[in-house]
Amino acid sequence: MDPSNPEQSQKLSVKPATLQSIFDVFIKTRDKVASGPQASSSASTSQTGPSADDKTQAEKFKQAGNAQMSNKDYDAAIESYNKAIALDPSNPVYFSNRAAAHSNKGDHLSAVGDAEKAISVDPKFVKAYHRLGLVFRLF
């Protein structure tokens, strides 16, 4: 989405944001985002899933990312979440947190991609839908 394009902004506006309106925006944008730069970076998922050690290490990277977010070091937080995702791509929290970091940097397309990835990992993960709503409220 190009926020400077009034037609797109009007078409994809979610004011006031409801879960239904956020989902509608998701449906309208998922094909465009799925072919974006985030789509290929986290597409590989192990058939057997991450080991217990990988999950433990991924949680440490997530905690580091959360601390970096608190310090407004969004680039470092994104890198920490990248490392967590590489170890455990089955955890939607890592994608959702990275979406927040991208959003705080103003990289809303990447934020949408990560929120959608979190939803694809776990469609019941409500926070990812919330992230989509926050991103689209900015437009």
# chains A, B, ... in the order shown; residues from 1 in each chain; ligands from 1
$ residues_around --residues "Lys62 in chain A" --least-positions-apart "3" --cutoff "8 Å" --atoms "only C-alpha atoms" --output "list in words"
Ala58, Glu59, Gly65, Asn66, Ser80, Tyr81, Ala84 and Tyr94 of chain A
$ write_last_selection --atoms "N, CA and C atoms" --output "PDB file, in the first residue's frame"
ATOM      1  N   ALA A  58      15.746 -19.581  21.035  1.00  0.00           N
ATOM      2  CA  ALA A  58      14.858 -18.626  20.368  1.00  0.00           C
ATOM      3  C   ALA A  58      14.204 -17.700  21.391  1.00  0.00           C
ATOM      4  N   GLU A  59      13.795 -18.253  22.528  1.00  0.00           N
ATOM      5  CA  GLU A  59      13.195 -17.427  23.582  1.00  0.00           C
ATOM      6  C   GLU A  59      14.197 -16.389  24.106  1.00  0.00           C
ATOM      7  N   GLY A  65      15.315  -9.128  21.990  1.00  0.00           N
ATOM      8  CA  GLY A  65      14.566  -8.238  21.104  1.00  0.00           C
ATOM      9  C   GLY A  65      13.598  -7.365  21.879  1.00  0.00           C
ATOM     10  N   ASN A  66      12.935  -7.939  22.869  1.00  0.00           N
ATOM     11  CA  ASN A  66      12.007  -7.156  23.683  1.00  0.00           C
ATOM     12  C   ASN A  66      12.735  -6.046  24.435  1.00  0.00           C
ATOM     13  N   SER A  80      17.319  -9.563  16.395  1.00  0.00           N
ATOM     14  CA  SER A  80      17.092 -10.584  17.430  1.00  0.00           C
ATOM     15  C   SER A  80      15.892 -11.455  17.091  1.00  0.00           C
ATOM     16  N   TYR A  81      14.810 -10.827  16.626  1.00  0.00           N
ATOM     17  CA  TYR A  81      13.633 -11.611  16.236  1.00  0.00           C
ATOM     18  C   TYR A  81      13.941 -12.475  15.012  1.00  0.00           C
ATOM     19  N   ALA A  84      15.497 -15.521  16.367  1.00  0.00           N
ATOM     20  CA  ALA A  84      14.501 -16.371  17.022  1.00  0.00           C
ATOM     21  C   ALA A  84      13.690 -17.132  15.977  1.00  0.00           C
ATOM     22  N   TYR A  94       7.132 -14.419  17.600  1.00  0.00           N
ATOM     23  CA  TYR A  94       8.347 -13.831  17.039  1.00  0.00           C
ATOM     24  C   TYR A  94       8.026 -12.970  15.824  1.00  0.00           C
TER      25      TYR A  94
END
$ residues_around --residues "Lys55 in chain A" --least-positions-apart "3" --cutoff "12 Å" --atoms "only C-alpha atoms" --output "list of chain:residue names"
A:Gly49, A:Pro50, A:Ser51, A:Ala52, A:Ala58, A:Glu59, A:Lys60, A:Phe61, A:Lys62, A:Lys83, A:Ala84, A:Ile85, A:Ala86, A:Leu87, A:Asp88, A:Pro89, A:Ser90, A:Asn91, A:Tyr94
$ closest_residue --among "A:Lys117, A:Ala100, A:Thr56, A:Pro123" --to "Lys72 in chain A" --atoms "only C-alpha atoms"
A:Ala100
$ atom_distance --atom1 "CA of Ser110 in chain A" --atom2 "CA of Asn82 in chain A"
12.7 Å
$ closest_residue --among "A:Asp107, A:Ile119, A:Ala101, A:Lys127" --to "Ser70 in chain A" --atoms "only C-alpha atoms"
A:Ala101
$ atom_distance --atom1 "CA of Ser120 in chain A" --atom2 "CA of Ala76 in chain A"
24.8 Å
$ atom_distance --atom1 "CA of Val121 in chain A" --atom2 "CA of Thr48 in chain A"
15.0 Å
$ select_by_dssp --residues "range 44-92 of chain A" --states "helix (DSSP H, G or I)" --output "VMD selection string"
chain A and resid 52 to 70 74 to 87 92
$ write_last_selection --atoms "C-alpha atoms" --output "PDB file, in the first residue's frame"
ATOM      1  CA  ALA A  52      13.889 -28.023  22.739  1.00  0.00           C
ATOM      2  CA  ASP A  53      17.328 -26.376  22.664  1.00  0.00           C
ATOM      3  CA  ASP A  54      16.341 -24.324  19.610  1.00  0.00           C
ATOM      4  CA  LYS A  55      13.159 -23.188  21.360  1.00  0.00           C
ATOM      5  CA  THR A  56      15.108 -22.212  24.462  1.00  0.00           C
ATOM      6  CA  GLN A  57      17.638 -20.225  22.428  1.00  0.00           C
ATOM      7  CA  ALA A  58      14.858 -18.626  20.368  1.00  0.00           C
ATOM      8  CA  GLU A  59      13.195 -17.427  23.582  1.00  0.00           C
ATOM      9  CA  LYS A  60      16.488 -15.812  24.631  1.00  0.00           C
ATOM     10  CA  PHE A  61      16.655 -13.969  21.311  1.00  0.00           C
ATOM     11  CA  LYS A  62      13.031 -12.877  21.776  1.00  0.00           C
ATOM     12  CA  GLN A  63      13.827 -11.544  25.249  1.00  0.00           C
ATOM     13  CA  ALA A  64      16.807  -9.657  23.836  1.00  0.00           C
ATOM     14  CA  GLY A  65      14.566  -8.238  21.104  1.00  0.00           C
ATOM     15  CA  ASN A  66      12.007  -7.156  23.683  1.00  0.00           C
ATOM     16  CA  ALA A  67      14.698  -5.333  25.654  1.00  0.00           C
ATOM     17  CA  GLN A  68      15.927  -3.656  22.462  1.00  0.00           C
ATOM     18  CA  MET A  69      12.362  -2.596  21.670  1.00  0.00           C
ATOM     19  CA  SER A  70      12.133  -1.002  25.120  1.00  0.00           C
ATOM     20  CA  TYR A  74      14.387  -1.316  16.432  1.00  0.00           C
ATOM     21  CA  ASP A  75      17.085  -2.527  14.036  1.00  0.00           C
ATOM     22  CA  ALA A  76      18.711  -4.612  16.774  1.00  0.00           C
ATOM     23  CA  ALA A  77      15.296  -5.907  17.851  1.00  0.00           C
ATOM     24  CA  ILE A  78      14.502  -6.977  14.292  1.00  0.00           C
ATOM     25  CA  GLU A  79      17.823  -8.816  14.137  1.00  0.00           C
ATOM     26  CA  SER A  80      17.092 -10.584  17.430  1.00  0.00           C
ATOM     27  CA  TYR A  81      13.633 -11.611  16.236  1.00  0.00           C
ATOM     28  CA  ASN A  82      15.186 -12.804  12.949  1.00  0.00           C
ATOM     29  CA  LYS A  83      17.443 -15.106  14.955  1.00  0.00           C
ATOM     30  CA  ALA A  84      14.501 -16.371  17.022  1.00  0.00           C
ATOM     31  CA  ILE A  85      12.507 -17.065  13.853  1.00  0.00           C
ATOM     32  CA  ALA A  86      15.425 -18.901  12.263  1.00  0.00           C
ATOM     33  CA  LEU A  87      15.485 -21.239  15.255  1.00  0.00           C
ATOM     34  CA  PRO A  92       3.788 -16.617  15.919  1.00  0.00           C
TER      35      PRO A  92
END
$ closest_residue --among "A:Ala99, A:Leu109, A:Asn104, A:Val93" --to "Phe125 in chain A" --atoms "only C-alpha atoms"
A:Val93
